[in-house]
file data_18.txt (compact mmCIF, C-alpha atoms and all ligand atoms)
# COMPACT_ATOMS: atom_id res chain seq x y z
CA MET A 1 24.06 1.78 -18.01
CA ARG A 2 25.50 5.20 -17.31
CA LEU A 3 29.04 5.77 -16.08
CA ILE A 4 27.74 7.12 -12.77
CA VAL A 5 26.63 3.54 -12.01
CA HIS A 6 29.69 1.94 -13.54
CA ASN A 7 31.66 4.03 -11.06
CA MET A 8 29.82 2.30 -8.21
CA LEU A 9 29.94 -1.27 -9.44
CA SER A 10 32.52 -3.80 -8.38
CA CYS A 11 32.84 -7.55 -8.71
CA ASN A 12 31.33 -9.29 -5.69
CA ILE A 13 32.68 -12.78 -6.27
CA ARG A 14 33.87 -14.32 -3.03
CA GLY A 15 37.61 -13.96 -2.48
CA VAL A 16 38.24 -11.46 -5.28
CA VAL A 17 40.53 -8.63 -4.16
CA ASN A 18 41.07 -6.53 -7.28
CA LYS A 19 37.38 -5.94 -8.03
CA PHE A 20 37.15 -2.35 -9.28
CA PRO A 21 36.70 -0.84 -11.82
CA LEU A 22 35.05 -3.29 -14.16
CA ARG A 23 36.38 -3.04 -17.72
CA ILE A 24 33.77 -2.02 -20.26
CA GLU A 25 33.37 -4.02 -23.47
CA PRO A 26 30.85 -2.04 -25.48
CA GLU A 27 28.64 -3.44 -28.22
CA LYS A 28 26.20 -0.57 -28.41
CA VAL A 29 26.54 2.90 -26.89
CA ILE A 30 23.80 5.51 -27.03
CA VAL A 31 23.59 9.10 -25.83
CA LYS A 32 20.56 10.27 -23.84
CA GLU A 33 20.33 13.93 -23.08
CA VAL A 34 20.06 14.93 -19.42
CA ASP A 35 19.46 18.41 -17.93
CA PHE A 36 22.72 20.11 -17.00
CA ASN A 37 22.93 20.63 -13.24
CA PRO A 38 26.30 22.09 -12.11
CA ASP A 39 25.46 21.76 -8.39
CA PHE A 40 24.81 18.06 -8.75
CA LEU A 41 28.09 17.62 -10.64
CA LYS A 42 30.07 19.52 -8.03
CA HIS A 43 28.56 17.34 -5.33
CA MET A 44 29.25 14.12 -7.25
CA ILE A 45 32.84 14.81 -8.22
CA ALA A 46 34.08 14.05 -4.71
CA LYS A 47 32.52 10.58 -4.85
CA ILE A 48 33.73 9.68 -8.31
CA ASP A 49 36.79 7.56 -8.96
CA TRP A 50 38.25 9.77 -11.64
CA LYS A 51 40.42 7.25 -13.43
CA ALA A 52 37.56 4.77 -13.69
CA LEU A 53 35.42 7.48 -15.25
CA VAL A 54 38.09 8.59 -17.73
CA ASP A 55 38.83 5.02 -18.82
CA GLY A 56 35.12 4.15 -18.96
CA ALA A 57 34.33 7.15 -21.16
CA ARG A 58 37.28 6.35 -23.40
CA SER A 59 36.19 2.76 -23.87
CA MET A 60 32.77 4.08 -24.86
CA GLY A 61 34.31 6.30 -27.52
CA TYR A 62 34.54 9.60 -25.63
CA PRO A 63 38.20 10.53 -25.02
CA GLU A 64 37.61 14.18 -24.04
CA LEU A 65 38.09 14.03 -20.26
CA PRO A 66 41.39 15.29 -18.80
CA ASP A 67 43.52 12.85 -16.79
CA HIS A 68 42.86 14.93 -13.68
CA PRO A 69 39.89 17.12 -12.83
CA PRO A 70 40.74 20.85 -12.54
CA THR A 71 41.25 22.09 -8.99
CA THR A 72 38.61 24.80 -9.25
CA LEU A 73 35.36 23.87 -10.90
CA GLU A 74 33.49 27.14 -10.41
CA SER A 75 34.42 28.90 -13.63
CA ASP A 76 35.14 25.88 -15.76
CA GLU A 77 31.89 25.32 -17.60
CA SER A 78 33.52 23.57 -20.54
CA PHE A 79 35.00 21.00 -18.16
CA LEU A 80 31.71 20.55 -16.32
CA ARG A 81 29.93 19.95 -19.63
CA LYS A 82 32.36 17.15 -20.49
CA PHE A 83 32.03 15.67 -17.01
CA HIS A 84 28.22 15.87 -17.33
CA HIS A 85 28.24 14.16 -20.71
CA SER A 86 30.53 11.34 -19.56
CA LEU A 87 28.84 10.71 -16.23
CA LEU A 88 25.19 11.04 -17.17
CA GLU A 89 24.59 10.99 -20.91
CA LEU A 90 26.71 8.15 -22.25
CA ASN A 91 24.76 4.90 -21.96
CA LEU A 92 26.03 1.38 -22.47
CA GLU A 93 22.97 -0.24 -24.07
CA GLU A 94 24.57 -3.59 -24.85
CA GLY A 95 27.91 -5.03 -23.82
CA SER A 96 29.77 -6.50 -20.88
CA LEU A 97 31.52 -5.48 -17.69
CA VAL A 98 34.64 -7.49 -17.04
CA CYS A 99 36.14 -8.19 -13.60
CA PRO A 100 39.77 -7.00 -13.60
CA GLU A 101 40.94 -9.99 -11.57
CA THR A 102 38.97 -13.01 -12.76
CA GLY A 103 37.83 -11.90 -16.22
CA ARG A 104 34.27 -12.83 -15.24
CA LYS A 105 31.82 -11.02 -17.53
CA PHE A 106 28.66 -9.34 -16.30
CA SER A 107 26.33 -8.69 -19.20
CA VAL A 108 24.55 -5.44 -19.91
CA ASN A 109 21.29 -5.84 -21.83
CA LYS A 110 18.88 -3.06 -22.72
CA GLY A 111 21.03 -0.77 -20.61
CA ILE A 112 20.74 -2.91 -17.45
CA PRO A 113 23.79 -4.57 -15.91
CA ASN A 114 23.24 -8.01 -14.45
CA MET A 115 25.36 -8.34 -11.31
CA LEU A 116 23.78 -11.59 -10.06
CA LEU A 117 26.34 -14.20 -9.07
CA HIS A 118 26.24 -17.93 -9.71
CA GLU A 119 25.89 -20.15 -6.67
CA ASP A 120 29.56 -21.15 -6.66
CA GLU A 121 30.67 -17.51 -6.67
CA VAL A 122 28.84 -16.39 -3.52
CA MET B 1 0.52 22.17 -6.74
CA SER B 2 -0.69 18.68 -5.90
CA SER B 3 2.07 16.12 -5.94
CA ARG B 4 2.11 13.58 -8.65
CA ILE B 5 2.75 9.88 -8.29
CA ALA B 6 3.05 7.14 -10.90
CA SER B 7 -0.12 6.47 -12.81
CA ILE B 8 -1.29 2.86 -12.90
CA ARG B 9 -2.23 3.28 -16.52
CA LEU B 10 1.42 3.89 -17.42
CA VAL B 11 2.88 1.12 -15.27
CA SER B 12 4.35 -1.59 -17.45
CA SER B 13 3.54 -5.21 -16.61
CA HIS B 14 4.52 -8.79 -17.24
CA ARG B 15 3.05 -11.99 -15.88
CA GLU B 16 6.26 -12.77 -14.00
CA VAL B 17 6.52 -9.35 -12.36
CA TYR B 18 4.69 -8.26 -9.20
CA GLU B 19 1.90 -5.84 -10.03
CA PRO B 20 1.31 -2.80 -7.81
CA CYS B 21 -0.92 -3.99 -4.99
CA ASP B 22 -2.16 -2.80 -1.57
CA ASP B 23 1.36 -2.98 -0.18
CA SER B 24 2.81 -0.88 -3.02
CA PHE B 25 0.02 1.69 -2.56
CA ALA B 26 0.55 1.80 1.19
CA LEU B 27 4.27 2.42 0.68
CA VAL B 28 3.63 5.26 -1.76
CA ASP B 29 1.05 6.67 0.67
CA ALA B 30 3.72 6.63 3.36
CA LEU B 31 6.07 8.56 1.08
CA LEU B 32 3.29 11.02 0.31
CA ALA B 33 2.50 11.43 4.00
CA ASP B 34 6.17 12.10 4.67
CA ARG B 35 6.73 14.25 1.59
CA THR B 36 7.43 17.52 3.41
CA ASN B 37 10.05 15.78 5.54
CA LEU B 38 11.57 14.17 2.47
CA ILE B 39 11.90 17.53 0.75
CA GLU B 40 13.54 19.03 3.81
CA HIS B 41 15.77 15.96 4.04
CA ASN B 42 17.19 17.02 0.67
CA PRO B 43 18.51 13.59 -0.36
CA LYS B 44 21.29 13.26 -2.93
CA VAL B 45 21.01 9.51 -3.47
CA CYS B 46 17.76 7.50 -3.23
CA MET B 47 17.38 3.80 -3.86
CA GLU B 48 14.69 1.15 -4.09
CA ILE B 49 15.54 -2.49 -3.38
CA GLY B 50 13.17 -4.90 -5.18
CA SER B 51 11.57 -2.39 -7.55
CA GLY B 52 9.32 -4.89 -9.41
CA SER B 53 7.02 -2.96 -11.73
CA GLY B 54 8.77 0.33 -10.91
CA TYR B 55 5.60 1.87 -9.48
CA VAL B 56 7.23 2.93 -6.19
CA ILE B 57 10.55 4.33 -7.45
CA THR B 58 8.72 6.22 -10.22
CA SER B 59 6.36 7.70 -7.62
CA LEU B 60 9.25 8.71 -5.40
CA ILE B 61 10.95 10.48 -8.30
CA LEU B 62 7.76 12.30 -9.33
CA LEU B 63 7.10 13.25 -5.72
CA LEU B 64 10.46 14.97 -5.31
CA LYS B 65 11.15 16.04 -8.86
CA ASN B 66 10.20 19.70 -8.71
CA GLU B 67 11.23 20.22 -5.11
CA VAL B 68 14.60 18.49 -4.90
CA PRO B 69 16.68 18.78 -8.07
CA GLY B 70 19.80 16.76 -8.77
CA VAL B 71 19.01 13.51 -6.98
CA HIS B 72 20.61 10.27 -8.09
CA TYR B 73 18.03 7.44 -8.14
CA LEU B 74 18.90 3.74 -8.20
CA ALA B 75 16.74 0.62 -8.30
CA THR B 76 17.58 -3.07 -8.01
CA ASP B 77 15.69 -6.33 -8.39
CA THR B 78 16.80 -9.97 -8.60
CA ASN B 79 14.24 -10.68 -11.28
CA PRO B 80 15.77 -9.90 -14.71
CA ILE B 81 12.31 -9.29 -16.17
CA ALA B 82 11.35 -6.96 -13.32
CA VAL B 83 14.33 -4.67 -13.92
CA ARG B 84 13.28 -4.30 -17.56
CA VAL B 85 9.70 -3.56 -16.55
CA THR B 86 10.95 -1.01 -13.99
CA LYS B 87 12.86 0.73 -16.77
CA GLU B 88 9.78 0.77 -19.02
CA THR B 89 7.62 2.26 -16.27
CA LEU B 90 10.20 4.99 -15.61
CA GLU B 91 10.39 5.80 -19.32
CA ALA B 92 6.62 5.91 -19.67
CA HIS B 93 6.60 8.64 -17.01
CA GLY B 94 9.46 10.54 -18.60
CA VAL B 95 11.80 10.05 -15.62
CA ASP B 96 14.98 8.08 -15.13
CA ALA B 97 16.79 5.97 -12.56
CA ASP B 98 19.77 3.67 -12.82
CA VAL B 99 18.47 0.11 -12.71
CA VAL B 100 20.66 -2.86 -11.80
CA CYS B 101 19.80 -6.54 -11.68
CA ALA B 102 21.20 -7.50 -8.29
CA ASP B 103 20.56 -9.60 -5.21
CA ILE B 104 19.71 -6.79 -2.77
CA ALA B 105 22.71 -4.65 -3.81
CA THR B 106 25.35 -7.06 -5.11
CA GLY B 107 28.16 -5.17 -6.81
CA LEU B 108 26.99 -1.83 -5.43
CA ASP B 109 27.55 -2.29 -1.71
CA LYS B 110 31.27 -1.54 -1.68
CA ARG B 111 31.36 1.83 -3.47
CA LEU B 112 27.91 2.98 -2.43
CA ALA B 113 28.39 2.29 1.29
CA GLY B 114 27.45 5.22 3.50
CA SER B 115 26.10 7.32 0.61
CA VAL B 116 22.41 6.56 0.31
CA ASP B 117 20.05 9.07 1.95
CA VAL B 118 16.73 7.29 1.34
CA ILE B 119 16.06 3.57 0.81
CA VAL B 120 12.58 2.18 0.15
CA VAL B 121 11.80 -1.53 0.30
CA ASN B 122 8.65 -3.54 -0.27
CA PRO B 123 10.25 -6.94 0.30
CA PRO B 124 8.90 -10.46 -0.14
CA TYR B 125 7.26 -10.68 3.30
CA VAL B 126 4.65 -13.44 3.12
CA PRO B 127 5.32 -16.33 5.53
CA THR B 128 6.02 -19.39 3.34
CA PRO B 129 8.03 -22.60 3.46
CA GLU B 130 11.73 -21.75 3.30
CA TYR B 131 12.33 -23.44 -0.07
CA GLU B 132 10.04 -20.98 -1.84
CA VAL B 133 12.34 -18.05 -1.08
CA GLY B 134 14.26 -16.80 -4.10
CA MET B 135 12.78 -19.33 -6.52
CA GLU B 136 12.68 -18.26 -10.13
CA GLY B 137 9.62 -16.39 -11.29
CA ILE B 138 6.86 -14.51 -9.57
CA ALA B 139 6.93 -16.51 -6.27
CA SER B 140 10.14 -14.74 -5.27
CA ALA B 141 8.17 -11.49 -5.25
CA TRP B 142 6.29 -12.49 -2.11
CA ALA B 143 7.84 -15.64 -0.62
CA GLY B 144 9.42 -14.56 2.67
CA GLY B 145 10.19 -17.87 4.41
CA GLU B 146 9.71 -18.37 8.14
CA ASN B 147 7.55 -15.54 9.56
CA GLY B 148 8.15 -13.80 6.22
CA ARG B 149 11.50 -12.67 7.59
CA THR B 150 14.13 -14.50 5.56
CA VAL B 151 14.65 -11.81 2.92
CA ILE B 152 13.94 -8.88 5.27
CA ASP B 153 16.63 -10.09 7.67
CA LYS B 154 19.11 -10.25 4.78
CA ILE B 155 18.20 -6.79 3.54
CA LEU B 156 18.56 -4.94 6.87
CA PRO B 157 22.34 -5.32 7.31
CA VAL B 158 22.86 -4.20 3.70
CA VAL B 159 20.64 -1.18 4.29
CA ASP B 160 22.66 -0.35 7.41
CA LEU B 161 25.82 -0.48 5.28
CA LEU B 162 24.42 1.67 2.46
CA LEU B 163 22.67 4.41 4.44
CA SER B 164 24.46 7.71 4.98
CA ASP B 165 24.65 9.27 8.43
CA LYS B 166 21.38 11.03 7.78
CA GLY B 167 19.89 8.06 5.91
CA TRP B 168 16.27 6.93 6.13
CA LEU B 169 14.64 3.56 5.41
CA TYR B 170 10.98 2.98 4.56
CA LEU B 171 10.07 -0.70 4.91
CA VAL B 172 6.82 -2.59 4.24
CA THR B 173 6.01 -5.25 6.83
CA LEU B 174 3.08 -7.33 8.04
CA THR B 175 2.13 -7.66 11.68
CA SER B 176 2.92 -11.39 11.21
CA ASN B 177 6.58 -10.46 10.46
CA PHE B 178 6.96 -9.41 14.13
CA PRO B 179 7.71 -5.78 13.20
CA GLU B 180 8.36 -4.91 16.86
CA GLU B 181 11.24 -7.37 16.77
CA ILE B 182 12.55 -5.73 13.56
CA CYS B 183 12.45 -2.33 15.26
CA LEU B 184 14.22 -3.71 18.31
CA MET B 185 16.91 -5.27 16.10
CA MET B 186 17.40 -1.96 14.28
CA ARG B 187 17.45 -0.09 17.56
CA LYS B 188 20.44 -2.14 18.62
CA LYS B 189 22.16 -0.86 15.46
CA GLY B 190 21.32 2.72 16.50
CA TYR B 191 18.08 3.37 14.60
CA ALA B 192 14.93 4.97 15.85
CA SER B 193 11.67 3.97 14.15
CA ARG B 194 8.04 4.83 13.75
CA ILE B 195 4.96 3.51 11.98
CA VAL B 196 4.14 5.86 9.08
CA VAL B 197 1.12 4.00 7.71
CA GLN B 198 -1.00 1.22 9.15
CA ARG B 199 -3.53 -0.48 6.89
CA SER B 200 -5.68 -3.55 7.27
CA THR B 201 -6.92 -5.29 4.17
CA GLU B 202 -8.96 -8.47 3.98
CA GLU B 203 -5.85 -10.61 3.88
CA GLU B 204 -3.19 -8.71 5.72
CA ASN B 205 -2.33 -6.11 8.29
CA LEU B 206 0.28 -3.85 6.69
CA LEU B 207 2.67 -1.53 8.46
CA ILE B 208 5.00 0.89 6.74
CA LEU B 209 7.93 1.50 9.08
CA LYS B 210 10.41 4.32 8.88
CA PHE B 211 13.89 4.05 10.36
CA TRP B 212 16.54 6.71 10.86
CA ARG B 213 19.85 6.84 12.66
CA ASP B 214 19.20 8.39 16.00
CA GLN B 215 22.14 10.07 17.69
CA ASP B 216 20.37 9.87 21.05
CA GLU B 217 19.60 6.23 20.61
CA VAL B 218 22.83 5.22 22.34
CA SER B 219 21.70 6.84 25.53
CA HIS B 220 18.28 5.30 25.09
CA LYS B 221 19.81 1.84 25.08
CA GLU B 222 18.95 1.67 28.76
CA ILE B 223 15.29 1.24 27.86
CA SER B 224 14.81 -2.48 28.30
CA SER B 225 13.53 -4.61 25.46
CA PRO B 226 10.21 -5.39 27.19
CA THR B 227 9.58 -1.67 27.71
CA PHE B 228 10.37 -1.00 24.07
CA LEU B 229 8.02 -3.75 22.90
CA ALA B 230 5.27 -2.43 25.15
CA HIS B 231 5.72 1.05 23.62
CA PHE B 232 5.50 -0.40 20.15
CA SER B 233 2.30 -2.33 20.70
CA ARG B 234 0.73 0.68 22.41
CA SER B 235 1.42 2.98 19.45
CA LEU B 236 0.18 0.30 17.07
CA SER B 237 -3.12 -0.15 18.90
CA LEU B 238 -3.55 3.63 19.07
CA LEU B 239 -3.12 3.82 15.31
CA MET B 240 -5.60 1.03 14.71
CA GLU B 241 -8.18 2.57 17.05
CA LYS B 242 -7.88 5.89 15.27
CA ARG B 243 -8.66 4.26 11.98
CA TRP B 244 -11.79 2.59 13.23
CA ARG B 245 -13.18 5.66 14.87
C1 LIG C 301 6.49 -7.43 -3.00
S1 LIG C 301 7.37 -7.14 -4.49
C2 LIG C 301 7.39 -5.36 -4.56
C3 LIG C 301 7.52 -4.80 -5.96
C4 LIG C 301 7.40 -3.27 -6.04
N1 LIG C 301 8.46 -2.61 -5.31
C5 LIG C 301 6.06 -2.82 -5.50
O1 LIG C 301 6.04 -2.30 -4.39
O2 LIG C 301 5.05 -3.01 -6.18
C6 LIG C 301 9.04 -7.59 -4.04
C7 LIG C 301 10.09 -7.41 -5.14
O3 LIG C 301 11.39 -7.70 -4.60
C8 LIG C 301 12.14 -8.48 -5.52
N2 LIG C 301 13.12 -9.25 -4.76
C9 LIG C 301 12.95 -10.41 -4.09
N3 LIG C 301 14.10 -10.79 -3.49
C10 LIG C 301 15.02 -9.84 -3.80
C11 LIG C 301 16.41 -9.67 -3.51
N4 LIG C 301 17.09 -10.56 -2.77
N5 LIG C 301 17.06 -8.59 -4.02
C12 LIG C 301 16.39 -7.69 -4.79
N6 LIG C 301 15.08 -7.79 -5.09
C13 LIG C 301 14.41 -8.86 -4.61
C14 LIG C 301 11.09 -9.31 -6.22
O4 LIG C 301 11.58 -9.77 -7.49
C15 LIG C 301 9.94 -8.33 -6.34
O5 LIG C 301 10.00 -7.58 -7.52

call {"tool": "encode", "arguments": {"input": "data_18.txt", "output": "structure tokens"}}
result
Amino acid sequence: MRLIVHNMLSCNIRGVVNKFPLRIEPEKVIVKEVDFNPDFLKHMIAKIDWKALVDGARSMGYPELPDHPPTTLESDESFLRKFHHSLLELNLEEGSLVCPETGRKFSVNKGIPNMLLHEDEV
Amino acid sequence: MSSRIASIRLVSSHREVYEPCDDSFALVDALLADRTNLIEHNPKVCMEIGSGSGYVITSLILLLKNEVPGVHYLATDTNPIAVRVTKETLEAHGVDADVVCADIATGLDKRLAGSVDVIVVNPPYVPTPEYEVGMEGIASAWAGGENGRTVIDKILPVVDLLLSDKGWLYLVTLTSNFPEEICLMMRKKGYASRIVVQRSTEEENLLILKFWRDQDEVSHKEISSPTFLAHFSRSLSLLMEKRWR
């Protein structure tokens, strides 16, 4: 699971209010190289919850992101490279995603998060 | 350059995962037929709901790969084995999508709402007794409940939530799903529709429908439902005649 998806996942259990972001408990993190595409990154940055990304990357052992994205991205290749690496190249292979409110764990196996709910949670 | 799609030889399989079949091929043919429009559409986020073997999402990625760079692809399936098989099929073709095991889009719907530009769905559409819907194992790949509509009718509101203002949906249906009723339902939510591919096999009469938000649709609301249904059956019979000629 890449952080671009983590940034879109929230806990869907009925009645839960504080459902995002899910806390990452890593067991195995791998890095898969992805082509660098600045236009894609500039488009995505508006949709990304920055704090969730920073904390997610940190919990996966990559503390390089600044607390706030720079105001102009155009000339800042070194920032874009870090953003690229965090968003698209870090992969949670094994581990869990934990709901901030209930502590419910969603497992991640072979890089795939399982967001299915039990019957009593729907 | 001819456009590439997934190659059956490289599609991973498992006895509990739906294998690419006439419906999967018809859906990919619809995407191929609409490829120029898709390229012009310039989607940023594309998603498949119920990806099964991964044949369709892999084909979509290959189809757009060289033309539309920087697209984010997502795929979901309720079957935990299917999501793994989807991932294997993607890897075998050297492409990537983010795969999530989810019921339609559980966990994704809140943050992804209004952002998806293309959704493709080959849902469980076979009319079956209601209790077969969503059972564990391979039956959930086809079991569609009454008129084959139980899962489709759950998917449509989620699709409406996820699609961006310019969003498109490609949906596999059978004539026994009452597709004209599906189109009418979607029209009330502001979508226009058309049949992209019509195909009759020995067992089933498949229709691949495309939906898009139509700004004018509000003013078209005056068209009465019977008139709309008459239009639909006329265009369907025209399509079927053309094929037999
Ligand atoms: C007819 S198969 C299509 C598989 C593949 N997309 C293809 O075209 O070959 C339907 C797929 O939808 C999945 N499915 C069924 N109900 C679902 C749901 N509620 N949410 C997500 N996927 C579902 C099934 O597990 C199955 O893989």

call {"tool": "residues_near_ligand", "arguments": {"input": "data_18.txt", "ligand": "ligand LIG 301 (chain C)", "cutoff": "8 Å", "atoms": "only C-alpha atoms and all ligand atoms", "output": "ChimeraX atom specification"}}
result
/B:17-21,23-25,27,48-57,76-79,82,101-105,121-125,133-134,137-138,140-142,151,154-155

call {"tool": "write_last_selection", "arguments": {"input": "data_18.txt", "atoms": "C-alpha atoms", "output": "mmCIF file, in the frame of the given file"}}
result
data_model
loop_
_atom_site.group_PDB
_atom_site.id
_atom_site.type_symbol
_atom_site.label_atom_id
_atom_site.label_comp_id
_atom_site.auth_asym_id
_atom_site.auth_seq_id
_atom_site.Cartn_x
_atom_site.Cartn_y
_atom_site.Cartn_z
ATOM 1 C CA VAL B 17 6.520 -9.350 -12.360
ATOM 2 C CA TYR B 18 4.690 -8.260 -9.200
ATOM 3 C CA GLU B 19 1.900 -5.840 -10.030
ATOM 4 C CA PRO B 20 1.310 -2.800 -7.810
ATOM 5 C CA CYS B 21 -0.920 -3.990 -4.990
ATOM 6 C CA ASP B 23 1.360 -2.980 -0.180
ATOM 7 C CA SER B 24 2.810 -0.880 -3.020
ATOM 8 C CA PHE B 25 0.020 1.690 -2.560
ATOM 9 C CA LEU B 27 4.270 2.420 0.680
ATOM 10 C CA GLU B 48 14.690 1.150 -4.090
ATOM 11 C CA ILE B 49 15.540 -2.490 -3.380
ATOM 12 C CA GLY B 50 13.170 -4.900 -5.180
ATOM 13 C CA SER B 51 11.570 -2.390 -7.550
ATOM 14 C CA GLY B 52 9.320 -4.890 -9.410
ATOM 15 C CA SER B 53 7.020 -2.960 -11.730
ATOM 16 C CA GLY B 54 8.770 0.330 -10.910
ATOM 17 C CA TYR B 55 5.600 1.870 -9.480
ATOM 18 C CA VAL B 56 7.230 2.930 -6.190
ATOM 19 C CA ILE B 57 10.550 4.330 -7.450
ATOM 20 C CA THR B 76 17.580 -3.070 -8.010
ATOM 21 C CA ASP B 77 15.690 -6.330 -8.390
ATOM 22 C CA THR B 78 16.800 -9.970 -8.600
ATOM 23 C CA ASN B 79 14.240 -10.680 -11.280
ATOM 24 C CA ALA B 82 11.350 -6.960 -13.320
ATOM 25 C CA CYS B 101 19.800 -6.540 -11.680
ATOM 26 C CA ALA B 102 21.200 -7.500 -8.290
ATOM 27 C CA ASP B 103 20.560 -9.600 -5.210
ATOM 28 C CA ILE B 104 19.710 -6.790 -2.770
ATOM 29 C CA ALA B 105 22.710 -4.650 -3.810
ATOM 30 C CA VAL B 121 11.800 -1.530 0.300
ATOM 31 C CA ASN B 122 8.650 -3.540 -0.270
ATOM 32 C CA PRO B 123 10.250 -6.940 0.300
ATOM 33 C CA PRO B 124 8.900 -10.460 -0.140
ATOM 34 C CA TYR B 125 7.260 -10.680 3.300
ATOM 35 C CA VAL B 133 12.340 -18.050 -1.080
ATOM 36 C CA GLY B 134 14.260 -16.800 -4.100
ATOM 37 C CA GLY B 137 9.620 -16.390 -11.290
ATOM 38 C CA ILE B 138 6.860 -14.510 -9.570
ATOM 39 C CA SER B 140 10.140 -14.740 -5.270
ATOM 40 C CA ALA B 141 8.170 -11.490 -5.250
ATOM 41 C CA TRP B 142 6.290 -12.490 -2.110
ATOM 42 C CA VAL B 151 14.650 -11.810 2.920
ATOM 43 C CA LYS B 154 19.110 -10.250 4.780
ATOM 44 C CA ILE B 155 18.200 -6.790 3.540
#

call {"tool": "closest_residue", "arguments": {"input": "data_18.txt", "among": "B:Ser193, B:Asn147, B:Thr58, B:Thr227", "to": "Leu169 of chain B", "atoms": "only C-alpha atoms"}}
result
B:Ser193

call {"tool": "residues_around", "arguments": {"input": "data_18.txt", "residues": "Asn177 of chain B", "least_positions_apart": "2", "cutoff": "7 Å", "atoms": "only C-alpha atoms", "output": "ChimeraX atom specification"}}
result
/B:147-149,173-175,179

call {"tool": "residues_around", "arguments": {"input": "data_18.txt", "residues": "Met8 of chain A", "least_positions_apart": "5", "cutoff": "10 Å", "atoms": "all atoms listed in the file", "output": "compact mmCIF listing (two decimals) with C-alpha atoms, keeping the file's coordinate frame"}}
result
# COMPACT_ATOMS: atom_id res chain seq x y z
CA LEU A 3 29.04 5.77 -16.08
CA PHE A 20 37.15 -2.35 -9.28
CA PRO A 21 36.70 -0.84 -11.82
CA LEU A 22 35.05 -3.29 -14.16
CA LYS A 47 32.52 10.58 -4.85
CA ILE A 48 33.73 9.68 -8.31
CA ASP A 49 36.79 7.56 -8.96
CA ALA A 52 37.56 4.77 -13.69
CA GLY B 107 28.16 -5.17 -6.81
CA LEU B 108 26.99 -1.83 -5.43
CA ASP B 109 27.55 -2.29 -1.71
CA LYS B 110 31.27 -1.54 -1.68
CA ARG B 111 31.36 1.83 -3.47
CA LEU B 112 27.91 2.98 -2.43
CA ALA B 113 28.39 2.29 1.29

call {"tool": "closest_residue", "arguments": {"input": "data_18.txt", "among": "A:Ile13, A:Cys99, A:Met1, A:Leu116", "to": "Met60 of chain A", "atoms": "all atoms listed in the file"}}
result
A:Met1

call {"tool": "closest_residue", "arguments": {"input": "data_18.txt", "among": "A:Asn109, A:Val98, A:His6, A:Leu117", "to": "Ser86 of chain A", "atoms": "all atoms listed in the file"}}
result
A:His6

call {"tool": "residues_around", "arguments": {"input": "data_18.txt", "residues": "Val34 of chain A", "least_positions_apart": "6", "cutoff": "12 Å", "atoms": "all atoms listed in the file", "output": "MDAnalysis selection string"}}
result
(chainID A and resid 2 81 84:91) or (chainID B and resid 70 94:97)

call {"tool": "write_last_selection", "arguments": {"input": "data_18.txt", "atoms": "C-alpha atoms", "output": "PDB file, in the frame of the given file"}}
result
ATOM      1  CA  ARG A   2      25.500   5.200 -17.310  1.00  0.00           C
ATOM      2  CA  ARG A  81      29.930  19.950 -19.630  1.00  0.00           C
ATOM      3  CA  HIS A  84      28.220  15.870 -17.330  1.00  0.00           C
ATOM      4  CA  HIS A  85      28.240  14.160 -20.710  1.00  0.00           C
ATOM      5  CA  SER A  86      30.530  11.340 -19.560  1.00  0.00           C
ATOM      6  CA  LEU A  87      28.840  10.710 -16.230  1.00  0.00           C
ATOM      7  CA  LEU A  88      25.190  11.040 -17.170  1.00  0.00           C
ATOM      8  CA  GLU A  89      24.590  10.990 -20.910  1.00  0.00           C
ATOM      9  CA  LEU A  90      26.710   8.150 -22.250  1.00  0.00           C
ATOM     10  CA  ASN A  91      24.760   4.900 -21.960  1.00  0.00           C
TER      11      ASN A  91
ATOM     12  CA  GLY B  70      19.800  16.760  -8.770  1.00  0.00           C
ATOM     13  CA  GLY B  94       9.460  10.540 -18.600  1.00  0.00           C
ATOM     14  CA  VAL B  95      11.800  10.050 -15.620  1.00  0.00           C
ATOM     15  CA  ASP B  96      14.980   8.080 -15.130  1.00  0.00           C
ATOM     16  CA  ALA B  97      16.790   5.970 -12.560  1.00  0.00           C
TER      17      ALA B  97
END

call {"tool": "closest_residue", "arguments": {"input": "data_18.txt", "among": "A:Cys11, A:Val54, A:Leu73, A:Ala46", "to": "chain B", "atoms": "all atoms listed in the file"}}
result
A:Cys11

call {"tool": "atom_distance", "arguments": {"input": "data_18.txt", "atom1": "atom CA of Asp22 of chain B", "atom2": "atom CA of Arg187 of chain B"}}
result
27.5 Å
